[in-house]
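Asker: Shown below is the structure under consideration.
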Amino acid sequence: MIIGVIGDFHYVDLKLIENLGGNILKISDPLDFEKIQGLIIVGEDNVFLSRFIKRKGLIEKINEKAKQDLPILGIGAGMLILAREISNSKEFSLGFMDIKVRKNGFFYKRKEFSKLLKICALGYKPFLAKFINAPVVQELSPNVGILCTTEDKIIMVRQGNFLACSFFPLNEETFYRYFLNMIKDSY
């Protein structure tokens, strides 16, 4: 299965995904979408991500594939790109998920921090996650499932074939296996 990646490629654990049976394709052209079965939008800066998506002419293809139920994972600023609304920014978002998010939701902490998370949907073993300018979900519709919270903040959600988290999973096989299973289940 081929998974497209848009954004900060180095935050995705390529080796781990390959070990789980996935192949990565860095998306840089609308034609790349014909080859993929899933998409990861990842980064620490939604301004960079939105400009890249616009500059490369990817919006139309992403919208088309989303309507066809392509599984899409937003990591870090990718959560902002998938959201219906960003409360403290006028930046572009695709609006696929019925969530309202806030940029830099952990503004009272350092710009970057790590934390152990336990997400029951992924198994019972805690894993290390890195938060960089991490967004948080402020509001969500009833059709959006909450998969993880920390410090009373929603940091991972799922709505159908859309999955979003405000953190970067570090060497976490179960996280990527969950997304790959979403892809398998959609075909």
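Here's how to read the names in the structure tokens: chain A, B, ... by the order shown, residue numbers from 1 in each chain, ligand numbers from 1 in the order shown.
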Compile the contact shell of Ala121 in chain A as a list in words: residues with an atom at most 10 Å away, counting only C-alpha atoms, same-chain residues fewer than 4 positions apart removed.
Answerer: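 Here the answer would be Leu147, Cys148, Thr174, Phe175 and Tyr178 of chain A.
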Asker: Can you measure CA of Gly21 in chain A to CA of Met1 in chain A for me? One decimal in Å is fine.
Answerer: 6.9 Å
Asker: Which of range 66-157 of chain A end up as alpha helix (DSSP H) when DSSP is run on this backbone - answer as a ChimeraX atom specification?
Answerer: /A:66-67,77-82
Asker: Would you list the contacts of Arg102 in chain A as a list in words, taking every protein, DNA or RNA residue within 9 Å and counting only C-alpha atoms, but skipping same-chain residues closer than 6 positions in sequence?
Answerer: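 Counting only the stated atoms, we get Leu80, Glu85, Ile86, Ser87, Asn88, Ser89, Ala134, Pro135, Val136, Val137 and Gln138 of chain A.
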Asker: Which neighbours of Ile132 in chain A fall inside 12 Å, counting only C-alpha atoms, when residues of the same chain fewer than 5 positions from it are skipped, and could you give them as a PyMOL selection string?
Answerer: chain A and resi 11+42-46+75-77+103-107+109-115+165-169
Asker: I want to know what sits within 8 Å of Glu173 in chain A, based on only C-alpha atoms, with residues of the same chain fewer than 2 positions away left out; could you give that as a ChimeraX atom specification?
Answerer: /A:16-17,171,175-177
Asker: Between CA of Phe92 in chain A and CA of Arg51 in chain A, what is the distance, to one decimal in Å?
Answerer: 8.6 Å
